[in-house]
file upload12.pdb (PDB, C-alpha atoms)
MODEL        1
ATOM      1  CA  TYR A  29      20.597 -61.557-110.091  1.00  0.00           C
ATOM      2  CA  ASN A  30      17.512 -63.664-110.825  1.00  0.00           C
ATOM      3  CA  ALA A  31      19.038 -64.774-114.133  1.00  0.00           C
ATOM      4  CA  LEU A  32      22.347 -65.604-112.419  1.00  0.00           C
ATOM      5  CA  GLU A  33      20.540 -67.610-109.734  1.00  0.00           C
ATOM      6  CA  GLN A  34      18.607 -69.512-112.416  1.00  0.00           C
ATOM      7  CA  ALA A  35      21.883 -70.333-114.205  1.00  0.00           C
ATOM      8  CA  ARG A  36      23.507 -71.395-110.922  1.00  0.00           C
ATOM      9  CA  LYS A  37      20.701 -73.888-110.266  1.00  0.00           C
ATOM     10  CA  GLU A  38      20.692 -75.197-113.833  1.00  0.00           C
ATOM     11  CA  LEU A  39      24.478 -75.713-113.779  1.00  0.00           C
ATOM     12  CA  ASN A  40      24.392 -77.111-110.221  1.00  0.00           C
ATOM     13  CA  CYS A  41      26.981 -74.562-108.992  1.00  0.00           C
ATOM     14  CA  ASP A  42      27.653 -73.544-105.396  1.00  0.00           C
ATOM     15  CA  ARG A  43      28.465 -69.867-105.921  1.00  0.00           C
ATOM     16  CA  ILE A  44      27.847 -66.861-108.151  1.00  0.00           C
ATOM     17  CA  ALA A  45      30.893 -64.578-108.347  1.00  0.00           C
ATOM     18  CA  THR A  46      30.486 -61.016-109.604  1.00  0.00           C
ATOM     19  CA  GLY A  47      33.198 -58.558-110.631  1.00  0.00           C
ATOM     20  CA  HIS A  48      32.156 -55.698-108.342  1.00  0.00           C
ATOM     21  CA  THR A  49      35.127 -53.576-107.250  1.00  0.00           C
ATOM     22  CA  ALA A  50      35.876 -51.029-104.531  1.00  0.00           C
ATOM     23  CA  ASP A  51      35.012 -48.336-107.087  1.00  0.00           C
ATOM     24  CA  ASP A  52      31.548 -49.877-107.507  1.00  0.00           C
ATOM     25  CA  GLN A  53      31.122 -49.694-103.735  1.00  0.00           C
ATOM     26  CA  THR A  54      31.970 -45.979-103.709  1.00  0.00           C
ATOM     27  CA  GLU A  55      29.565 -45.297-106.572  1.00  0.00           C
ATOM     28  CA  GLU A  56      26.843 -47.315-104.864  1.00  0.00           C
ATOM     29  CA  PHE A  57      27.317 -45.323-101.650  1.00  0.00           C
ATOM     30  CA  PHE A  58      26.566 -42.043-103.440  1.00  0.00           C
ATOM     31  CA  ILE A  59      23.737 -43.511-105.523  1.00  0.00           C
ATOM     32  CA  ARG A  60      21.999 -44.735-102.380  1.00  0.00           C
ATOM     33  CA  LEU A  61      22.691 -41.452-100.600  1.00  0.00           C
ATOM     34  CA  ILE A  62      21.147 -39.505-103.496  1.00  0.00           C
ATOM     35  CA  ARG A  63      18.081 -41.753-103.673  1.00  0.00           C
ATOM     36  CA  GLY A  64      17.684 -42.020 -99.908  1.00  0.00           C
ATOM     37  CA  THR A  65      18.454 -45.037 -97.747  1.00  0.00           C
ATOM     38  CA  ASN A  66      19.280 -46.234 -94.236  1.00  0.00           C
ATOM     39  CA  THR A  67      22.525 -47.326 -92.560  1.00  0.00           C
ATOM     40  CA  ALA A  68      22.229 -50.801 -94.084  1.00  0.00           C
ATOM     41  CA  GLY A  69      22.018 -49.236 -97.537  1.00  0.00           C
ATOM     42  CA  LEU A  70      24.989 -46.953 -96.934  1.00  0.00           C
ATOM     43  CA  SER A  71      26.997 -49.935 -95.685  1.00  0.00           C
ATOM     44  CA  GLY A  72      27.231 -51.023 -99.312  1.00  0.00           C
ATOM     45  CA  MET A  73      27.216 -54.353-101.083  1.00  0.00           C
ATOM     46  CA  GLN A  74      28.087 -57.353 -98.951  1.00  0.00           C
ATOM     47  CA  GLU A  75      31.148 -59.425 -99.753  1.00  0.00           C
ATOM     48  CA  GLU A  76      29.057 -62.574 -99.378  1.00  0.00           C
ATOM     49  CA  LYS A  77      25.288 -63.015 -99.319  1.00  0.00           C
ATOM     50  CA  GLY A  78      23.863 -66.485 -99.682  1.00  0.00           C
ATOM     51  CA  CYS A  79      25.307 -68.018-102.833  1.00  0.00           C
ATOM     52  CA  LEU A  80      26.572 -64.652-104.100  1.00  0.00           C
ATOM     53  CA  ILE A  81      30.212 -63.669-103.564  1.00  0.00           C
ATOM     54  CA  ARG A  82      32.121 -60.552-104.619  1.00  0.00           C
ATOM     55  CA  PRO A  83      35.808 -61.588-104.457  1.00  0.00           C
ATOM     56  CA  LEU A  84      37.102 -58.339-106.017  1.00  0.00           C
ATOM     57  CA  ILE A  85      35.086 -55.924-103.863  1.00  0.00           C
ATOM     58  CA  HIS A  86      38.171 -54.590-102.038  1.00  0.00           C
ATOM     59  CA  GLU A  87      40.248 -54.023-105.192  1.00  0.00           C
ATOM     60  CA  LYS A  88      40.300 -50.780-107.152  1.00  0.00           C
ATOM     61  CA  LYS A  89      39.317 -51.025-110.806  1.00  0.00           C
ATOM     62  CA  GLU A  90      42.587 -49.451-111.972  1.00  0.00           C
ATOM     63  CA  THR A  91      44.543 -52.157-110.107  1.00  0.00           C
ATOM     64  CA  LEU A  92      42.568 -54.899-111.848  1.00  0.00           C
ATOM     65  CA  VAL A  93      42.886 -53.277-115.291  1.00  0.00           C
ATOM     66  CA  SER A  94      46.628 -52.833-114.768  1.00  0.00           C
ATOM     67  CA  PHE A  95      46.961 -56.509-113.800  1.00  0.00           C
ATOM     68  CA  LEU A  96      45.013 -57.664-116.861  1.00  0.00           C
ATOM     69  CA  GLU A  97      47.153 -55.488-119.133  1.00  0.00           C
ATOM     70  CA  GLN A  98      50.398 -56.785-117.581  1.00  0.00           C
ATOM     71  CA  MET A  99      49.241 -60.369-118.005  1.00  0.00           C
ATOM     72  CA  GLN A 100      47.987 -59.568-121.534  1.00  0.00           C
ATOM     73  CA  ILE A 101      44.520 -60.829-120.693  1.00  0.00           C
ATOM     74  CA  ASP A 102      41.767 -59.414-122.889  1.00  0.00           C
ATOM     75  CA  PHE A 103      38.743 -57.806-121.264  1.00  0.00           C
ATOM     76  CA  CYS A 104      35.710 -56.024-122.629  1.00  0.00           C
ATOM     77  CA  HIS A 105      34.365 -52.543-121.984  1.00  0.00           C
ATOM     78  CA  ASP A 106      30.585 -52.181-121.768  1.00  0.00           C
ATOM     79  CA  SER A 107      29.758 -49.051-123.773  1.00  0.00           C
ATOM     80  CA  SER A 108      26.609 -48.487-121.673  1.00  0.00           C
ATOM     81  CA  ASN A 109      28.982 -47.511-118.840  1.00  0.00           C
ATOM     82  CA  ASP A 110      29.696 -44.288-120.753  1.00  0.00           C
ATOM     83  CA  ASP A 111      26.038 -43.277-121.181  1.00  0.00           C
ATOM     84  CA  GLN A 112      25.417 -40.422-118.749  1.00  0.00           C
ATOM     85  CA  GLN A 113      21.654 -40.739-118.855  1.00  0.00           C
ATOM     86  CA  PHE A 114      22.200 -43.374-116.140  1.00  0.00           C
ATOM     87  CA  LEU A 115      22.712 -42.087-112.590  1.00  0.00           C
ATOM     88  CA  ARG A 116      25.591 -44.510-111.904  1.00  0.00           C
ATOM     89  CA  ASN A 117      27.534 -43.138-114.862  1.00  0.00           C
ATOM     90  CA  ARG A 118      26.952 -39.525-113.819  1.00  0.00           C
ATOM     91  CA  VAL A 119      28.238 -40.414-110.355  1.00  0.00           C
ATOM     92  CA  ARG A 120      31.230 -42.228-111.915  1.00  0.00           C
ATOM     93  CA  HIS A 121      32.172 -39.651-114.557  1.00  0.00           C
ATOM     94  CA  LEU A 122      31.001 -36.356-113.018  1.00  0.00           C
ATOM     95  CA  LEU A 123      30.488 -36.467-109.241  1.00  0.00           C
ATOM     96  CA  LEU A 124      33.431 -38.611-108.112  1.00  0.00           C
ATOM     97  CA  PRO A 125      36.065 -36.833-110.241  1.00  0.00           C
ATOM     98  CA  LEU A 126      34.759 -33.502-108.905  1.00  0.00           C
ATOM     99  CA  LEU A 127      34.922 -34.722-105.299  1.00  0.00           C
ATOM    100  CA  GLU A 128      38.442 -36.101-105.828  1.00  0.00           C
ATOM    101  CA  LYS A 129      39.687 -32.915-107.492  1.00  0.00           C
ATOM    102  CA  GLU A 130      37.985 -30.236-105.406  1.00  0.00           C
ATOM    103  CA  PHE A 131      37.322 -31.806-102.008  1.00  0.00           C
ATOM    104  CA  ASN A 132      39.148 -35.047-101.177  1.00  0.00           C
ATOM    105  CA  PRO A 133      41.610 -36.918-103.431  1.00  0.00           C
ATOM    106  CA  SER A 134      41.103 -40.008-101.215  1.00  0.00           C
ATOM    107  CA  ILE A 135      37.298 -39.976-101.381  1.00  0.00           C
ATOM    108  CA  GLY A 136      37.179 -43.722-102.163  1.00  0.00           C
ATOM    109  CA  GLU A 137      39.135 -44.620 -99.028  1.00  0.00           C
ATOM    110  CA  THR A 138      37.106 -42.173 -96.931  1.00  0.00           C
ATOM    111  CA  VAL A 139      33.837 -43.696 -98.140  1.00  0.00           C
ATOM    112  CA  ALA A 140      35.193 -47.212 -97.455  1.00  0.00           C
ATOM    113  CA  GLN A 141      35.996 -46.250 -93.851  1.00  0.00           C
ATOM    114  CA  THR A 142      32.556 -44.679 -93.430  1.00  0.00           C
ATOM    115  CA  ARG A 143      30.864 -47.781 -94.852  1.00  0.00           C
ATOM    116  CA  ASN A 144      32.775 -50.020 -92.427  1.00  0.00           C
ATOM    117  CA  ILE A 145      31.657 -47.907 -89.461  1.00  0.00           C
ATOM    118  CA  LEU A 146      28.053 -47.877 -90.681  1.00  0.00           C
ATOM    119  CA  SER A 147      28.120 -51.622 -91.294  1.00  0.00           C
ATOM    120  CA  GLU A 148      29.303 -52.389 -87.761  1.00  0.00           C
ATOM    121  CA  GLU A 149      26.785 -49.994 -86.229  1.00  0.00           C
ATOM    122  CA  ASN A 150      24.014 -51.422 -88.394  1.00  0.00           C
ATOM    123  CA  ASN A 151      24.849 -54.973 -87.270  1.00  0.00           C
ATOM    124  CA  TYR A 152      24.718 -53.854 -83.641  1.00  0.00           C
ATOM    125  CA  LEU A 153      21.359 -52.101 -84.103  1.00  0.00           C
ATOM    126  CA  GLU A 154      20.000 -55.169 -85.893  1.00  0.00           C
ATOM    127  CA  GLN A 155      20.850 -57.328 -82.860  1.00  0.00           C
ATOM    128  CA  ILE A 156      19.018 -54.915 -80.565  1.00  0.00           C
ATOM    129  CA  THR A 157      16.078 -54.819 -82.976  1.00  0.00           C
ATOM    130  CA  GLU A 158      15.837 -58.625 -83.112  1.00  0.00           C
ATOM    131  CA  ASN A 159      15.717 -58.803 -79.318  1.00  0.00           C
ATOM    132  CA  ALA A 160      13.090 -56.057 -79.135  1.00  0.00           C
ATOM    133  CA  PHE A 161      11.056 -57.612 -81.950  1.00  0.00           C
ATOM    134  CA  SER A 162      10.553 -60.870 -80.049  1.00  0.00           C
ATOM    135  CA  SER A 163       9.074 -59.051 -77.050  1.00  0.00           C
ATOM    136  CA  VAL A 164       7.183 -56.205 -78.766  1.00  0.00           C
ATOM    137  CA  VAL A 165       5.777 -57.857 -81.905  1.00  0.00           C
ATOM    138  CA  LYS A 166       3.765 -61.072 -81.746  1.00  0.00           C
ATOM    139  CA  GLU A 167       2.763 -62.847 -84.933  1.00  0.00           C
ATOM    140  CA  ALA A 168      -0.896 -63.831 -85.158  1.00  0.00           C
ATOM    141  CA  GLU A 169      -3.082 -65.593 -87.737  1.00  0.00           C
ATOM    142  CA  GLU A 170      -4.590 -62.304 -88.918  1.00  0.00           C
ATOM    143  CA  GLY A 171      -1.251 -60.473 -89.015  1.00  0.00           C
ATOM    144  CA  VAL A 172       0.734 -59.185 -86.045  1.00  0.00           C
ATOM    145  CA  ASN A 173       0.077 -57.745 -82.604  1.00  0.00           C
ATOM    146  CA  LEU A 174       2.175 -54.807 -81.505  1.00  0.00           C
ATOM    147  CA  HIS A 175       2.602 -54.035 -77.801  1.00  0.00           C
ATOM    148  CA  THR A 176       2.548 -50.254 -78.011  1.00  0.00           C
ATOM    149  CA  ASN A 177       3.463 -49.537 -74.387  1.00  0.00           C
ATOM    150  CA  GLN A 178       6.728 -51.447 -74.754  1.00  0.00           C
ATOM    151  CA  PHE A 179       7.233 -49.973 -78.215  1.00  0.00           C
ATOM    152  CA  LYS A 180       6.994 -46.403 -76.897  1.00  0.00           C
ATOM    153  CA  GLN A 181       9.821 -47.045 -74.442  1.00  0.00           C
ATOM    154  CA  LEU A 182      12.273 -47.894 -77.247  1.00  0.00           C
ATOM    155  CA  HIS A 183      14.641 -45.459 -78.932  1.00  0.00           C
ATOM    156  CA  THR A 184      13.331 -43.984 -82.196  1.00  0.00           C
ATOM    157  CA  ALA A 185      16.060 -45.783 -84.182  1.00  0.00           C
ATOM    158  CA  ILE A 186      14.824 -49.146 -82.885  1.00  0.00           C
ATOM    159  CA  GLN A 187      11.164 -48.159 -83.310  1.00  0.00           C
ATOM    160  CA  ARG A 188      11.820 -47.371 -86.965  1.00  0.00           C
ATOM    161  CA  ARG A 189      13.551 -50.712 -87.532  1.00  0.00           C
ATOM    162  CA  LEU A 190      10.764 -52.607 -85.776  1.00  0.00           C
ATOM    163  CA  ILE A 191       8.129 -51.016 -87.990  1.00  0.00           C
ATOM    164  CA  GLU A 192      10.203 -51.707 -91.121  1.00  0.00           C
ATOM    165  CA  ASN A 193      10.634 -55.367 -90.125  1.00  0.00           C
ATOM    166  CA  THR A 194       6.930 -55.680 -89.284  1.00  0.00           C
ATOM    167  CA  LEU A 195       5.908 -54.227 -92.648  1.00  0.00           C
ATOM    168  CA  TRP A 196       8.237 -56.638 -94.451  1.00  0.00           C
ATOM    169  CA  LYS A 197       6.614 -59.534 -92.526  1.00  0.00           C
ATOM    170  CA  LEU A 198       3.220 -58.259 -93.727  1.00  0.00           C
ATOM    171  CA  ALA A 199       4.567 -58.263 -97.320  1.00  0.00           C
ATOM    172  CA  CYS A 200       4.534 -54.457 -97.493  1.00  0.00           C
ATOM    173  CA  LYS A 201       7.491 -52.464 -98.780  1.00  0.00           C
ATOM    174  CA  PRO A 202       8.206 -49.837 -96.099  1.00  0.00           C
ATOM    175  CA  SER A 203       8.778 -46.232 -97.152  1.00  0.00           C
ATOM    176  CA  PHE A 204      10.185 -43.536 -94.879  1.00  0.00           C
ATOM    177  CA  LYS A 205       6.834 -41.685 -94.843  1.00  0.00           C
ATOM    178  CA  ALA A 206       4.852 -44.823 -94.032  1.00  0.00           C
ATOM    179  CA  VAL A 207       7.193 -45.822 -91.201  1.00  0.00           C
ATOM    180  CA  ASP A 208       7.210 -42.292 -89.805  1.00  0.00           C
ATOM    181  CA  SER A 209       3.392 -42.063 -89.950  1.00  0.00           C
ATOM    182  CA  ILE A 210       2.983 -45.391 -88.135  1.00  0.00           C
ATOM    183  CA  ILE A 211       5.407 -44.328 -85.392  1.00  0.00           C
ATOM    184  CA  HIS A 212       3.475 -41.072 -84.867  1.00  0.00           C
ATOM    185  CA  LEU A 213       0.189 -43.005 -84.806  1.00  0.00           C
ATOM    186  CA  ILE A 214       1.468 -45.472 -82.200  1.00  0.00           C
ATOM    187  CA  ARG A 215       2.813 -42.667 -80.010  1.00  0.00           C
ATOM    188  CA  SER A 216      -0.664 -41.121 -79.980  1.00  0.00           C
ATOM    189  CA  LEU A 217      -2.434 -44.365 -78.995  1.00  0.00           C
ATOM    190  CA  ASP A 218      -3.418 -45.396 -75.488  1.00  0.00           C
ATOM    191  CA  THR A 219      -4.307 -48.988 -76.437  1.00  0.00           C
ATOM    192  CA  GLU A 220      -2.513 -51.958 -77.961  1.00  0.00           C
ATOM    193  CA  LEU A 221      -2.357 -52.061 -81.752  1.00  0.00           C
ATOM    194  CA  HIS A 222      -3.439 -55.175 -83.643  1.00  0.00           C
ATOM    195  CA  PRO A 223      -2.860 -54.599 -87.381  1.00  0.00           C
ATOM    196  CA  SER A 224      -3.930 -57.193 -89.924  1.00  0.00           C
TER     197      SER A 224
ENDMDL
END
call {"tool": "encode", "arguments": {"input": "upload12.pdb", "output": "structure tokens"}}
result
Amino acid sequence: YNALEQARKELNCDRIATGHTADDQTEEFFIRLIRGTNTAGLSGMQEEKGCLIRPLIHEKKETLVSFLEQMQIDFCHDSSNDDQQFLRNRVRHLLLPLLEKEFNPSIGETVAQTRNILSEENNYLEQITENAFSSVVKEAEEGVNLHTNQFKQLHTAIQRRLIENTLWKLACKPSFKAVDSIIHLIRSLDTELHPS
């Protein structure tokens, strides 16, 4: 993405369009689930984010390949997509065919529906988190001040998001363990917390 953004600036273009498909979304869902993620992660790749657009994200790969063949348009196959040392390829060639055959022949559609639900719920929780952030977290020169009494009254889901957002503001990459430890620490405190 960094290389694409560099090229976009050099060529003075407005958009970067990628060829991600609905199949890529399904694969990404399981990859993120396997590695561990939150509702935003399980919501999948966004159709548009800044200058990046994914115009084919709702189309199945087989539909696109069929179209290209009908129109006699050449396309290339990246041989690295067959190498099963990569997790994405194991999901693509092993896990998804097994799920389709043994559990749900419409697994792609089912995952798409689940992602849509998670995306809407994530957007709603983000709105609540933004409102809570402005009253619970105050930015200061040395870092941030966290009003723990107000924080403790929030639902755990919002507490977790607040801590994640605060860590990002402090240029720290939040891990599940770190966020969980901070929440437990705050719950045990009787005074306001002023991290730097």
call {"tool": "closest_residue", "arguments": {"input": "upload12.pdb", "among": "A:Asn177, A:Thr67, A:Ser94, A:Ser108", "to": "Arg189 in chain A", "atoms": "all atoms listed in the file"}}
result
A:Thr67
call {"tool": "closest_residue", "arguments": {"input": "upload12.pdb", "among": "A:Phe103, A:Phe114, A:Phe57, A:Tyr29", "to": "Val139 in chain A", "atoms": "only C-alpha atoms"}}
result
A:Phe57
call {"tool": "resolve_selection", "arguments": {"input": "upload12.pdb", "expression": "the PyMOL selection byres ((chain A and resi 43) around 7)", "output": "list in words"}}
result
Cys41, Asp42, Ile44, Ala45, Cys79, Leu80 and Ile81 of chain A
call {"tool": "closest_residue", "arguments": {"input": "upload12.pdb", "among": "A:Phe179, A:Trp196, A:Ala68, A:Val172", "to": "Leu153 in chain A", "atoms": "all atoms listed in the file"}}
result
A:Ala68
call {"tool": "residues_around", "arguments": {"input": "upload12.pdb", "residues": "Arg116 in chain A", "least_positions_apart": "3", "cutoff": "9 Å", "atoms": "all atoms listed in the file", "output": "PDB file with C-alpha atoms, keeping the file's coordinate frame"}}
result
ATOM      1  CA  GLU A  55      29.565 -45.297-106.572  1.00  0.00           C
ATOM      2  CA  GLU A  56      26.843 -47.315-104.864  1.00  0.00           C
ATOM      3  CA  PHE A  58      26.566 -42.043-103.440  1.00  0.00           C
ATOM      4  CA  ILE A  59      23.737 -43.511-105.523  1.00  0.00           C
ATOM      5  CA  ASN A 109      28.982 -47.511-118.840  1.00  0.00           C
ATOM      6  CA  GLN A 112      25.417 -40.422-118.749  1.00  0.00           C
ATOM      7  CA  GLN A 113      21.654 -40.739-118.855  1.00  0.00           C
ATOM      8  CA  VAL A 119      28.238 -40.414-110.355  1.00  0.00           C
ATOM      9  CA  ARG A 120      31.230 -42.228-111.915  1.00  0.00           C
ATOM     10  CA  HIS A 121      32.172 -39.651-114.557  1.00  0.00           C
TER      11      HIS A 121
END
call {"tool": "closest_residue", "arguments": {"input": "upload12.pdb", "among": "A:Ala50, A:Leu124, A:Ala168, A:Ala140", "to": "Pro83 in chain A", "atoms": "all atoms listed in the file"}}
result
A:Ala50
call {"tool": "residues_near_point", "arguments": {"input": "upload12.pdb", "point": "(36.7, -42.7, -106.6)", "cutoff": "7 Å", "atoms": "only C-alpha atoms", "output": "list in words"}}
result
Asp51, Thr54, Leu124, Pro125, Glu128, Ile135 and Gly136 of chain A
call {"tool": "closest_residue", "arguments": {"input": "upload12.pdb", "among": "A:Thr46, A:His183, A:Phe131, A:Arg118", "to": "Lys77 in chain A", "atoms": "only C-alpha atoms"}}
result
A:Thr46
